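Pasting my_file_11.txt here (compact mmCIF, C-alpha atoms and all ligand atoms):
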# COMPACT_ATOMS: atom_id res chain seq x y z
CA MET P 12 186.84 224.85 167.19
CA GLY P 13 183.25 224.42 168.14
CA MET P 14 183.09 220.79 167.13
CA LYS P 15 180.87 218.49 169.13
CA ARG P 16 182.77 215.88 171.12
CA GLU P 17 182.00 212.43 169.80
CA ARG P 18 180.43 210.07 172.27
CA VAL P 19 182.40 206.87 172.83
CA VAL P 20 180.81 203.91 174.64
CA ILE P 21 183.14 201.16 175.83
CA ILE P 22 180.98 198.02 175.90
CA ILE P 23 182.19 195.43 178.38
CA PRO P 24 180.38 192.07 178.43
CA THR P 25 180.77 190.28 181.75
CA TYR P 26 180.08 186.86 183.07
CA ASN P 27 181.59 186.10 186.47
CA GLU P 28 184.17 188.87 186.37
CA SER P 29 184.01 190.07 189.97
CA GLY P 30 187.46 191.18 191.03
CA ASN P 31 188.22 192.17 187.45
CA VAL P 32 185.45 194.56 186.48
CA GLY P 33 185.81 196.87 189.49
CA ARG P 34 189.54 197.24 188.91
CA LEU P 35 189.06 197.79 185.20
CA LEU P 36 186.44 200.51 185.72
CA SER P 37 188.67 202.44 188.10
CA ILE P 38 191.66 202.17 185.75
CA LEU P 39 189.54 203.51 182.88
CA ASN P 40 188.16 206.38 184.91
CA THR P 41 191.35 207.47 186.63
CA ALA P 42 194.15 206.67 184.19
CA VAL P 43 192.64 206.49 180.69
CA PHE P 44 189.57 208.67 180.24
CA PRO P 45 190.99 211.94 181.66
CA LYS P 46 193.49 212.09 178.79
CA LEU P 47 190.72 211.63 176.22
CA GLU P 48 187.95 213.76 177.67
CA LYS P 49 189.05 216.89 175.80
CA HIS P 50 188.09 215.37 172.44
CA TYR P 51 185.69 212.60 173.38
CA ASP P 52 182.77 212.04 175.68
CA MET P 53 183.80 208.74 177.28
CA GLN P 54 181.14 206.33 178.63
CA VAL P 55 181.15 202.70 179.77
CA LEU P 56 178.39 200.13 179.31
CA VAL P 57 178.75 196.86 181.20
CA VAL P 58 176.52 194.08 179.84
CA ASP P 59 176.16 191.46 182.54
CA ASP P 60 174.14 188.28 182.22
CA SER P 61 173.24 188.19 185.92
CA SER P 62 176.57 186.64 186.90
CA PRO P 63 176.11 184.56 190.05
CA ASP P 64 179.39 185.90 191.50
CA GLY P 65 177.96 189.39 192.00
CA THR P 66 179.74 191.15 189.13
CA ALA P 67 176.79 193.54 188.81
CA ASP P 68 177.08 194.65 192.45
CA GLU P 69 180.68 195.65 191.82
CA VAL P 70 179.53 197.74 188.86
CA LYS P 71 176.74 199.34 190.90
CA GLN P 72 179.29 200.23 193.56
CA GLN P 73 181.37 202.07 190.94
CA GLN P 74 178.27 203.78 189.52
CA LYS P 75 177.79 205.62 192.82
CA ASN P 76 180.70 207.95 192.17
CA ASP P 77 180.60 207.99 188.38
CA SER P 78 177.69 208.84 186.12
CA SER P 79 179.48 207.69 182.97
CA ILE P 80 179.13 204.03 183.97
CA HIS P 81 176.02 202.24 182.68
CA LEU P 82 174.82 198.75 183.39
CA LEU P 83 172.66 196.51 181.23
CA LEU P 84 171.50 193.51 183.19
CA ASN P 85 170.24 190.49 181.23
CA LYS P 86 168.16 187.88 182.99
CA THR P 87 169.69 185.00 181.07
CA LYS P 88 173.14 184.13 179.72
CA ARG P 89 173.19 184.47 175.94
CA GLY P 90 176.86 184.24 175.11
CA LEU P 91 179.22 186.85 173.79
CA GLY P 92 177.33 187.54 170.56
CA GLY P 93 174.04 188.04 172.39
CA ALA P 94 175.63 190.35 174.96
CA TYR P 95 177.29 192.50 172.27
CA THR P 96 174.16 192.66 170.12
CA LYS P 97 172.05 193.93 173.01
CA GLY P 98 174.83 196.19 174.27
CA MET P 99 175.44 197.79 170.88
CA TRP P 100 171.78 198.67 170.37
CA GLU P 101 171.61 200.04 173.90
CA ALA P 102 174.71 202.17 173.24
CA ILE P 103 173.19 203.53 170.04
CA ASP P 104 169.52 203.94 170.94
CA ARG P 105 169.74 204.92 174.58
CA LEU P 106 173.21 206.37 175.01
CA GLY P 107 173.54 208.03 171.61
CA ALA P 108 176.98 206.59 170.84
CA ASP P 109 178.99 207.71 167.80
CA ILE P 110 181.65 205.09 168.44
CA VAL P 111 181.50 201.82 170.38
CA PHE P 112 184.34 199.69 171.69
CA GLU P 113 184.31 195.95 172.28
CA PHE P 114 186.38 195.39 175.38
CA ASP P 115 186.98 192.40 177.69
CA ALA P 116 186.48 192.74 181.44
CA ASP P 117 189.40 190.49 182.38
CA LEU P 118 192.16 193.11 181.91
CA SER P 119 193.50 191.29 178.83
CA HIS P 120 193.07 194.38 176.68
CA ASP P 121 195.55 197.19 177.21
CA PRO P 122 193.37 200.28 177.81
CA GLU P 123 196.23 202.55 176.72
CA LYS P 124 195.41 201.47 173.15
CA ILE P 125 192.00 203.14 173.24
CA ALA P 126 193.65 206.46 172.28
CA PRO P 127 195.57 205.20 169.20
CA MET P 128 192.49 203.26 168.09
CA LEU P 129 190.36 206.41 168.28
CA LEU P 130 193.05 208.20 166.29
CA LYS P 131 192.79 205.58 163.52
CA LEU P 132 189.03 206.18 163.38
CA ALA P 133 189.63 209.92 163.19
CA GLU P 134 191.97 209.28 160.25
CA GLY P 135 189.03 207.96 158.25
CA ASN P 136 188.70 204.29 159.17
CA ASP P 137 185.30 202.83 160.02
CA MET P 138 186.52 200.07 162.29
CA VAL P 139 189.79 199.47 164.16
CA LEU P 140 190.98 196.14 165.52
CA GLY P 141 193.31 195.68 168.45
CA SER P 142 195.60 193.13 166.83
CA ARG P 143 197.87 190.54 168.41
CA TYR P 144 199.29 189.38 165.11
CA ILE P 145 201.03 192.43 163.71
CA ALA P 146 204.39 193.93 164.70
CA GLY P 147 204.09 195.34 168.20
CA GLY P 148 201.39 192.89 169.24
CA SER P 149 201.57 189.49 170.93
CA ILE P 150 199.77 186.67 172.69
CA PRO P 151 200.79 185.66 176.25
CA GLU P 152 204.02 183.69 176.66
CA ASN P 153 202.42 181.54 179.34
CA TRP P 154 199.45 180.34 177.27
CA GLY P 155 199.45 176.57 176.89
CA TRP P 156 200.66 175.29 173.53
CA HIS P 157 197.13 174.26 172.50
CA ARG P 158 195.70 177.71 173.15
CA LYS P 159 198.57 179.30 171.20
CA PHE P 160 198.14 176.77 168.40
CA PHE P 161 194.39 177.30 168.08
CA SER P 162 194.69 181.07 168.10
CA ILE P 163 197.53 181.26 165.56
CA PHE P 164 196.39 178.37 163.38
CA GLY P 165 192.76 179.48 163.63
CA ASN P 166 193.53 182.95 162.38
CA LEU P 167 195.67 181.57 159.57
CA THR P 168 192.88 179.18 158.53
CA ILE P 169 190.34 181.98 158.49
CA ARG P 170 192.61 184.14 156.36
CA ILE P 171 193.19 181.32 153.87
CA ILE P 172 189.57 180.16 153.58
CA LEU P 173 188.15 183.66 153.33
CA THR P 174 191.13 184.60 151.08
CA ASN P 175 191.50 187.91 152.83
CA PHE P 176 195.05 188.57 153.96
CA SER P 177 194.65 192.24 154.79
CA ILE P 178 193.34 191.37 158.27
CA HIS P 179 195.73 189.67 160.70
CA ASP P 180 193.57 189.16 163.79
CA TRP P 181 190.05 187.98 162.96
CA THR P 182 189.13 186.75 166.41
CA THR P 183 190.27 189.71 168.49
CA GLY P 184 187.69 190.95 170.97
CA TYR P 185 189.24 194.42 171.16
CA ARG P 186 187.59 196.65 168.59
CA ALA P 187 186.55 200.25 167.93
CA ILE P 188 183.59 200.62 165.58
CA ARG P 189 181.75 203.64 164.18
CA THR P 190 178.07 203.16 165.02
CA GLU P 191 176.98 203.62 161.39
CA VAL P 192 178.78 200.32 160.73
CA VAL P 193 176.91 198.70 163.61
CA ARG P 194 173.55 199.98 162.34
CA LYS P 195 174.28 198.57 158.91
CA ILE P 196 175.85 195.24 159.88
CA LEU P 197 174.01 194.06 163.01
CA PRO P 198 170.63 193.60 161.29
CA THR P 199 172.28 191.39 158.64
CA LEU P 200 173.65 189.10 161.36
CA ASP P 201 170.25 188.50 162.93
CA GLN P 202 169.26 185.62 160.68
CA GLU P 203 172.34 183.58 161.46
CA LYS P 204 173.27 182.05 164.77
CA PHE P 205 176.29 183.79 166.20
CA MET P 206 178.03 182.55 169.27
CA GLY P 207 181.42 183.39 170.73
CA TYR P 208 184.02 184.03 168.08
CA THR P 209 181.65 183.58 165.16
CA PHE P 210 180.04 186.86 166.17
CA GLN P 211 183.43 188.57 165.88
CA ILE P 212 184.38 186.87 162.62
CA GLY P 213 180.91 187.28 161.11
CA PHE P 214 180.67 190.94 162.01
CA LEU P 215 184.11 191.70 160.59
CA HIS P 216 183.49 189.70 157.43
CA HIS P 217 180.18 191.43 156.75
CA ALA P 218 181.75 194.83 157.40
CA LEU P 219 184.60 194.17 154.97
CA ARG P 220 182.17 192.93 152.33
CA ALA P 221 180.10 196.08 152.76
CA GLY P 222 183.24 198.04 151.87
CA TYR P 223 184.04 199.58 155.25
CA LYS P 224 187.63 200.59 155.95
CA VAL P 225 189.24 198.48 158.67
CA ALA P 226 192.62 199.21 160.33
CA GLU P 227 194.65 197.40 162.97
CA VAL P 228 196.53 198.69 166.02
CA PRO P 229 198.92 196.28 167.77
CA PHE P 230 198.60 195.38 171.44
CA HIS P 231 200.07 192.85 173.85
CA PHE P 232 197.30 190.53 175.02
CA LYS P 233 197.69 189.83 178.74
CA ASP P 234 196.45 186.57 180.19
CA ARG P 235 193.70 186.96 182.76
CA THR P 236 194.84 186.53 186.37
CA LEU P 237 191.37 186.12 187.88
CA GLY P 238 188.43 184.00 186.75
CA LYS P 239 188.15 181.59 183.87
CA SER P 240 187.88 181.93 180.09
CA LYS P 241 184.32 181.33 178.97
CA LEU P 242 184.92 180.53 175.34
CA GLY P 243 185.23 176.79 175.20
CA SER P 244 186.33 174.39 172.50
CA GLU P 245 182.90 174.39 170.83
CA TYR P 246 183.98 177.58 169.11
CA ILE P 247 186.44 175.75 166.84
CA LYS P 248 183.68 173.69 165.28
CA ASN P 249 181.32 176.67 165.00
CA THR P 250 183.98 178.91 163.51
CA LEU P 251 185.05 176.37 160.92
CA ARG P 252 181.47 175.63 159.97
CA TYR P 253 180.71 179.33 159.65
CA ILE P 254 183.67 180.30 157.47
CA LEU P 255 183.27 177.26 155.21
CA LYS P 256 179.56 177.98 154.75
CA VAL P 257 180.22 181.60 153.95
CA ARG P 258 183.00 180.75 151.51
CA VAL P 259 181.01 178.07 149.67
CA LYS P 260 178.14 180.53 149.36
CA GLU P 261 180.44 183.22 147.98
CA ILE P 262 182.03 180.93 145.42
CA SER P 263 178.71 179.44 144.29
CA GLN P 264 177.47 182.96 143.62
CA LYS P 265 180.28 183.58 141.14
CA ARG P 266 179.09 183.43 137.55
CA LEU P 267 182.21 181.68 136.29
CA PHE P 268 181.78 178.92 138.86
CA ARG P 269 178.16 178.38 137.82
CA PHE P 270 179.14 178.40 134.16
CA VAL P 271 181.68 175.62 134.76
CA VAL P 272 179.18 173.55 136.78
CA VAL P 273 176.48 173.92 134.12
CA GLY P 274 179.00 172.91 131.44
CA GLY P 275 179.96 169.84 133.47
CA VAL P 276 176.30 168.86 133.83
CA GLY P 277 175.89 169.35 130.08
CA ALA P 278 178.76 166.98 129.36
CA MET P 279 177.18 164.32 131.60
CA VAL P 280 173.79 164.80 129.95
CA GLN P 281 175.45 164.28 126.58
CA LEU P 282 177.22 161.05 127.55
CA VAL P 283 174.24 159.50 129.34
CA SER P 284 171.66 160.45 126.73
CA LEU P 285 173.95 159.17 123.97
CA GLN P 286 173.78 155.69 125.49
CA ILE P 287 170.00 155.94 125.84
CA PHE P 288 169.33 157.25 122.31
CA ARG P 289 171.53 154.52 120.84
CA ILE P 290 168.99 151.95 121.95
CA PHE P 291 166.40 153.52 119.68
CA VAL P 292 168.19 155.15 116.75
CA SER P 293 171.41 154.85 114.76
CA TYR P 294 174.69 155.98 116.28
CA LEU P 295 174.93 159.20 114.29
CA TRP P 296 171.37 160.20 115.08
CA ALA P 297 171.97 159.39 118.73
CA GLU P 298 175.11 161.53 118.66
CA PHE P 299 173.17 164.42 117.16
CA LEU P 300 170.29 164.11 119.65
CA SER P 301 172.62 163.86 122.66
CA ILE P 302 174.50 166.99 121.60
CA GLU P 303 171.16 168.75 121.34
CA ALA P 304 170.17 167.45 124.78
CA ALA P 305 173.39 168.88 126.23
CA ILE P 306 172.76 172.21 124.53
CA ALA P 307 169.20 172.29 125.89
CA SER P 308 170.46 171.48 129.39
CA ASN P 309 173.08 174.24 129.18
CA PHE P 310 170.47 176.68 127.95
CA VAL P 311 167.94 175.91 130.67
CA TRP P 312 170.42 175.91 133.59
CA SER P 313 172.25 178.99 132.35
CA ASN P 314 168.94 180.82 132.22
CA LEU P 315 167.75 179.60 135.62
CA TRP P 316 171.04 179.77 137.52
CA THR P 317 174.17 181.20 135.88
CA PHE P 318 172.29 184.19 134.50
CA SER P 319 169.36 184.13 136.93
CA ASP P 320 169.81 187.89 137.32
CA ARG P 321 169.20 188.38 133.58
CA LYS P 322 166.52 185.72 133.08
CA LEU P 323 164.98 185.65 129.60
CA SER P 324 161.27 186.20 129.25
CA GLY P 325 159.05 183.49 127.73
CA SER P 326 158.60 185.25 124.40
CA GLU P 327 162.37 185.65 123.96
CA LEU P 328 163.12 181.98 124.56
CA PRO P 329 162.61 180.53 121.01
CA VAL P 330 164.84 183.06 119.24
CA LYS P 331 167.42 182.96 122.01
CA PHE P 332 167.51 179.16 121.89
CA ILE P 333 168.32 179.26 118.17
CA GLN P 334 171.04 181.85 118.86
CA PHE P 335 172.31 179.60 121.62
CA ASN P 336 172.57 176.67 119.21
CA LEU P 337 174.56 178.81 116.81
CA THR P 338 177.02 180.00 119.45
CA SER P 339 177.38 176.41 120.69
CA ALA P 340 178.16 175.35 117.15
CA GLY P 341 180.78 178.11 117.19
CA SER P 342 182.49 176.38 120.09
CA ILE P 343 182.51 173.08 118.19
CA VAL P 344 184.02 174.81 115.13
CA ILE P 345 186.73 176.32 117.36
CA GLN P 346 187.57 172.87 118.75
CA LEU P 347 187.76 171.36 115.26
CA LEU P 348 189.96 174.21 114.03
CA VAL P 349 192.39 173.77 116.92
CA ALA P 350 192.55 170.01 116.28
CA PHE P 351 193.05 170.56 112.57
CA ALA P 352 195.78 173.19 113.05
CA GLY P 353 197.46 171.12 115.76
CA GLU P 354 197.70 167.99 113.64
CA ARG P 355 198.81 169.97 110.60
CA PHE P 356 201.50 172.15 112.18
CA ILE P 357 202.59 170.27 115.31
CA GLY P 358 201.63 166.70 114.54
CA LEU P 359 200.38 163.77 116.56
CA TYR P 360 202.90 162.07 118.84
CA GLU P 361 203.10 160.64 122.33
CA LEU P 362 204.09 163.06 125.11
CA PHE P 363 204.29 160.63 128.02
CA ARG P 364 202.69 157.51 129.38
CA LEU P 365 200.68 157.65 132.62
CA PRO P 366 202.35 155.43 135.23
CA LEU P 367 200.43 152.44 136.62
CA VAL P 368 197.52 152.63 134.14
CA GLY P 369 199.88 152.85 131.16
CA ILE P 370 197.67 155.20 129.17
CA SER P 371 199.50 157.17 126.52
CA VAL P 372 199.05 160.94 126.53
CA ASP P 373 199.66 162.43 123.12
CA THR P 374 199.43 165.83 121.48
CA GLY P 375 195.92 164.92 120.28
CA ILE P 376 194.68 165.10 123.88
CA LEU P 377 196.52 168.39 124.31
CA PHE P 378 194.79 169.83 121.24
CA ALA P 379 191.42 168.70 122.58
CA VAL P 380 192.06 170.33 125.96
CA VAL P 381 193.18 173.58 124.35
CA GLY P 382 190.14 173.43 122.07
CA ILE P 383 187.76 172.85 124.98
CA LEU P 384 189.26 175.76 126.92
CA LEU P 385 189.05 178.11 123.94
CA GLY P 386 185.52 176.86 123.24
CA MET P 387 184.53 177.58 126.85
CA PHE P 388 186.08 181.00 126.55
CA TRP P 389 184.00 181.65 123.47
CA ASN P 390 180.85 180.29 125.09
CA PHE P 391 181.25 182.42 128.19
CA PHE P 392 181.77 185.46 126.01
CA ALA P 393 178.74 184.63 123.83
CA TYR P 394 176.49 183.92 126.84
CA SER P 395 177.30 187.12 128.66
CA LYS P 396 177.59 189.44 125.66
CA ILE P 397 174.99 188.01 123.28
CA ILE P 398 172.42 185.61 124.74
CA TRP P 399 172.17 187.12 128.24
CA ARG P 400 173.61 190.52 127.42
CA ILE P 401 172.58 193.32 129.75
CA LYS P 402 169.57 195.01 128.19
CA GLY P 403 170.19 198.44 126.73
CA LYS P 404 173.87 197.75 126.05
N1 LIG A 1 177.48 189.07 179.18
C1 LIG A 1 178.25 188.03 178.85
N2 LIG A 1 179.60 188.16 178.82
C2 LIG A 1 180.35 187.10 178.46
C3 LIG A 1 179.78 185.83 178.11
N3 LIG A 1 180.80 184.98 177.79
C4 LIG A 1 181.93 185.68 177.93
N4 LIG A 1 181.68 186.95 178.35
C5 LIG A 1 182.64 188.04 178.60
O1 LIG A 1 183.32 188.30 177.38
C6 LIG A 1 184.68 188.65 177.65
C7 LIG A 1 185.60 187.68 176.90
O2 LIG A 1 185.42 186.38 177.42
P1 LIG A 1 186.65 185.47 177.88
O3 LIG A 1 186.08 184.30 178.60
O4 LIG A 1 187.66 186.29 178.59
O5 LIG A 1 187.21 185.01 176.47
P2 LIG A 1 188.74 184.79 176.07
O6 LIG A 1 189.45 186.08 176.39
O7 LIG A 1 188.71 184.48 174.62
O8 LIG A 1 189.20 183.66 176.90
C8 LIG A 1 184.86 188.61 179.14
O9 LIG A 1 184.70 189.91 179.64
C9 LIG A 1 183.72 187.70 179.59
O10 LIG A 1 183.29 187.96 180.92
C10 LIG A 1 178.34 185.72 178.17
O11 LIG A 1 177.75 184.68 177.90
N5 LIG A 1 177.64 186.84 178.53
MG MG A 2 189.63 186.91 178.15
Would you mind writing the structure in this file as structure tokens?
Ligand SMILES: Nc1nc2c(ncn2[C@@H]2O[C@H](COP(=O)(O)OP(=O)(O)O)[C@@H](O)[C@H]2O)c(=O)[nH]1
Ligand SMILES: [Mg+2]
Amino acid sequence: MGMKRERVVIIIPTYNESGNVGRLLSILNTAVFPKLEKHYDMQVLVVDDSSPDGTADEVKQQQKNDSSIHLLLNKTKRGLGGAYTKGMWEAIDRLGADIVFEFDADLSHDPEKIAPMLLKLAEGNDMVLGSRYIAGGSIPENWGWHRKFFSIFGNLTIRIILTNFSIHDWTTGYRAIRTEVVRKILPTLDQEKFMGYTFQIGFLHHALRAGYKVAEVPFHFKDRTLGKSKLGSEYIKNTLRYILKVRVKEISQKRLFRFVVVGGVGAMVQLVSLQIFRIFVSYLWAEFLSIEAAIASNFVWSNLWTFSDRKLSGSELPVKFIQFNLTSAGSIVIQLLVAFAGERFIGLYELFRLPLVGISVDTGILFAVVGILLGMFWNFFAYSKIIWRIKGK
């Protein structure tokens, strides 16, 4: 077959990794790359932030007998996210990479997994994670309990908050990524501040949301024997803040969520304005006006927020507002019908008494709740299919 070999760039960020990086580079070049060279053009890019321990000199030493080793030297330390961002663009723009790897310098990542990860990409995945939390993977036995706890509990928390259980290792720093994913995702990360693990989590989360296929390959994470871990405890706070922010944003963008919030605001408007109107007019008039105030509030906020993507034009507003009143009346009719049918066919009787406060809960409350839910169901249907229906449908 005359197929072009794909170019693979293993990106290795380093900060004070002398003693590690030299050994790693010779392992890659003597034991790992030769087996892959038939199908892939294997290159290495070390991104060093001018480590004071002379890491870069060790890399330069290796470069003398190997042209596939590249070095990107940053003048200042910018953290893991900064190093990967610069390294990925360098790999794409200057080295013409088709695939990039994220790979630690400290020999924690088993280089024998590069081959099975490439295979997963060849099978049609866009991104492959080296995973410690699937069968065949592990974290080091000798990690302290707190490090184990934060890694395991952290990953579980991320999976729960982001409600994505298809990924088992969100924080892994061992990854194979097709560069089209990098081109698409990296620019979207620029606006946010990404440090340490948030870069990893943010990148993965954006990639999944963009619909890319992500697979996992298990590996045994080995504890570093030389040097110190650079990712301190600040990451826990940053990570939690990031995933909560992202999740709140996602939920608040859901139409159903907005609908419920707008309805809640409407109910408050009704109760408060009822008390105000009662000062000036009779109770029944006040009741009528407060219902109308709630309807107006629902109409305005639905138009500005819940259905902001289908906003009504100024000339449509009067007719639509009358329609809106009619559909709202529909919801009141539904509630009355449920109450009427409930009393008629089931009857009014106490179900239980709330402890402590001693309030009696009867079937009447049940009918009201059912009525409200059915009314909301009707309203949501009417809003999306009538008032703010997609034009041309
Ligand atoms: N260029 C660069 N590399 C970094 C920085 N912080 C960490 N690294 C490298 O990123 C990799 C992972 O960091 P490490 O401290 O081992 O994280 P841990 O494995 O989670 O403890 C290692 O190769 C580090 O040398 C940084 O600020 N700049
Ligand atoms: Mg490490």
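Counting all atoms listed in the file, P:Leu56 has the following residues at most 10 Å away, ignoring those fewer than 4 positions along the same chain: Val20, Ile21, Ile22, Ile23, Pro24, Val70, Ser79, Ile80, His81, Leu82, Leu83, Gly98, Met99, Glu101, Ala102, Leu106, Val111 and Phe112 of chain P.
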How about saving the chosen residues, C-alpha atoms kept, as an mmCIF file, in the coordinates of the input?
data_model
loop_
_atom_site.group_PDB
_atom_site.id
_atom_site.type_symbol
_atom_site.label_atom_id
_atom_site.label_comp_id
_atom_site.auth_asym_id
_atom_site.auth_seq_id
_atom_site.Cartn_x
_atom_site.Cartn_y
_atom_site.Cartn_z
ATOM 1 C CA VAL P 20 180.810 203.910 174.640
ATOM 2 C CA ILE P 21 183.140 201.160 175.830
ATOM 3 C CA ILE P 22 180.980 198.020 175.900
ATOM 4 C CA ILE P 23 182.190 195.430 178.380
ATOM 5 C CA PRO P 24 180.380 192.070 178.430
ATOM 6 C CA VAL P 70 179.530 197.740 188.860
ATOM 7 C CA SER P 79 179.480 207.690 182.970
ATOM 8 C CA ILE P 80 179.130 204.030 183.970
ATOM 9 C CA HIS P 81 176.020 202.240 182.680
ATOM 10 C CA LEU P 82 174.820 198.750 183.390
ATOM 11 C CA LEU P 83 172.660 196.510 181.230
ATOM 12 C CA GLY P 98 174.830 196.190 174.270
ATOM 13 C CA MET P 99 175.440 197.790 170.880
ATOM 14 C CA GLU P 101 171.610 200.040 173.900
ATOM 15 C CA ALA P 102 174.710 202.170 173.240
ATOM 16 C CA LEU P 106 173.210 206.370 175.010
ATOM 17 C CA VAL P 111 181.500 201.820 170.380
ATOM 18 C CA PHE P 112 184.340 199.690 171.690
#
Where does chain P meet ligand MG 2 (chain A) within 9 Å, residue by residue, with the nearest atom pair and distance in Å to one decimal for each, counting only C-alpha atoms and all ligand atoms, listed by chain and rising number, as JSON lines?
{"residue": "P:Asp115", "atom": "CA", "partner": "A:MG2", "partner_atom": "MG", "distance": 6.1}
{"residue": "P:Ala116", "atom": "CA", "partner": "A:MG2", "partner_atom": "MG", "distance": 7.4}
{"residue": "P:Asp117", "atom": "CA", "partner": "A:MG2", "partner_atom": "MG", "distance": 5.5}
{"residue": "P:Leu118", "atom": "CA", "partner": "A:MG2", "partner_atom": "MG", "distance": 7.7}
{"residue": "P:Ser119", "atom": "CA", "partner": "A:MG2", "partner_atom": "MG", "distance": 5.9}
{"residue": "P:His120", "atom": "CA", "partner": "A:MG2", "partner_atom": "MG", "distance": 8.4}
{"residue": "P:Gly184", "atom": "CA", "partner": "A:MG2", "partner_atom": "MG", "distance": 8.5}
{"residue": "P:Lys233", "atom": "CA", "partner": "A:MG2", "partner_atom": "MG", "distance": 8.6}
{"residue": "P:Asp234", "atom": "CA", "partner": "A:MG2", "partner_atom": "MG", "distance": 7.1}
{"residue": "P:Arg235", "atom": "CA", "partner": "A:MG2", "partner_atom": "MG", "distance": 6.1}
{"residue": "P:Lys239", "atom": "CA", "partner": "A:MG2", "partner_atom": "MG", "distance": 8.0}
{"residue": "P:Ser240", "atom": "CA", "partner": "A:MG2", "partner_atom": "MG", "distance": 5.6}
{"residue": "P:Lys241", "atom": "CA", "partner": "A:MG2", "partner_atom": "MG", "distance": 7.7}
{"residue": "P:Leu242", "atom": "CA", "partner": "A:MG2", "partner_atom": "MG", "distance": 8.4}
message: Can you pull out the residues contacting P:Ala350? Cut-off 9 Å, using only C-alpha atoms, and skip same-chain residues under 6 positions away; I want them as a ChimeraX atom specification.
response: /P:375,378-379,381-382
Among listed residues P:Ile150, P:Val257, P:Val58, P:Ala218, nearest P:Lys97 (using only C-alpha atoms):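 Result for the nearest residue to P:Lys97: P:Val58.
Atom CA of P:Val57 lies 6.9 Å from atom CA of P:Thr25.
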message: Measuring between all atoms listed in the file, which one of P:Gln334, P:Ser162, P:Ser142, P:Asn40 shows the shortest distance to ligand LIG 1 (chain A)?
response: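 Nearest candidate to ligand LIG 1 (chain A) out of P:Gln334, P:Ser162, P:Ser142, P:Asn40: P:Ser162.
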message: Would you pick out the contacts of P:Ile247 at 9 Å or less, using all atoms listed in the file, so that residues sharing its chain but fewer than 6 positions from it are not included, and give the list as number ranges by chain?
response: P: 161, 165, 208
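The closest residue to ligand LIG 1 (chain A), picked from P:Asp64, P:Glu227, P:Asp52, P:Glu17 and counting all atoms listed in the file, is P:Asp64.
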query: Counting only C-alpha atoms and all ligand atoms, which of P:Gly90, P:Pro63, P:Gly155, P:Gly222 gets nearest to ligand LIG 1 (chain A)?
result: P:Gly90
task: Would you mind listing what lies within 9 Å of P:His217 as an MDAnalysis selection string, with only C-alpha atoms counted and same-chain residues fewer than 5 positions away left out?
output: chainID P and resid 196 199:200 212 222
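Point (172.9, 161.0, 128.0) has the following residues at most 10 Å away: P:Gly277, P:Ala278, P:Met279, P:Val280, P:Gln281, P:Leu282, P:Val283, P:Ser284, P:Leu285, P:Gln286, P:Ile287, P:Phe288, P:Arg289, P:Ala297, P:Glu298, P:Leu300, P:Ser301, P:Ile302, P:Ala304, P:Ala305 (atoms considered: all atoms listed in the file).
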task: Name the residues in contact with P:Ile357 at a cut-off of 12 Å, using all atoms listed in the file, excluding same-chain residues fewer than 3 positions from it; report them as a list in words.
output: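 My list of contacting residues is Val349, Ala350, Phe351, Ala352, Gly353, Glu354, Tyr360, Glu361, Asp373, Thr374, Gly375, Leu377 and Phe378 of chain P.
Ranking P:Leu36, P:Trp316, P:Lys88, P:Gly135 by their shortest atom-to-atom distance to P:Arg266, with only C-alpha atoms included, puts P:Trp316 first.
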field: Separation of atom CA of P:Leu315 from atom CA of P:Val276, in Å and rounded to one decimal
entry: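 Straight-line distance from atom CA of P:Leu315 to atom CA of P:Val276 works out to 13.8 Å.
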task: Show me as a PyMOL selection string the residues that reach within 10 Å of (190.6, 188.3, 164.5), counting only C-alpha atoms and using the file's own coordinates.
output: chain P and resi 140-144+162-163+165-167+169-170+178-186+208+211-212+215
Proximity to ligand LIG 1 (chain A) - best of P:Ala94, P:Leu365, P:Val192, P:Leu328, only C-alpha atoms and all ligand atoms: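 The answer is P:Ala94, which sits nearest to ligand LIG 1 (chain A).
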Find the smallest box with edges along x, y and z containing every listed atom of stretch 143-148 of chain P, then add 5 Å on each side and report centre and edge lengths in Å to one decimal, as AutoDock Vina command-line options.
--center_x 201.1 --center_y 192.4 --center_z 166.5 --size_x 16.5 --size_y 16.0 --size_z 15.5
- prompt: Which value, in Å to one decimal, gives the distance between atom CA of P:Phe391 and atom CA of P:Leu173?
  reply: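 Taking atom CA of P:Phe391 and atom CA of P:Leu173, their separation equals 26.1 Å.
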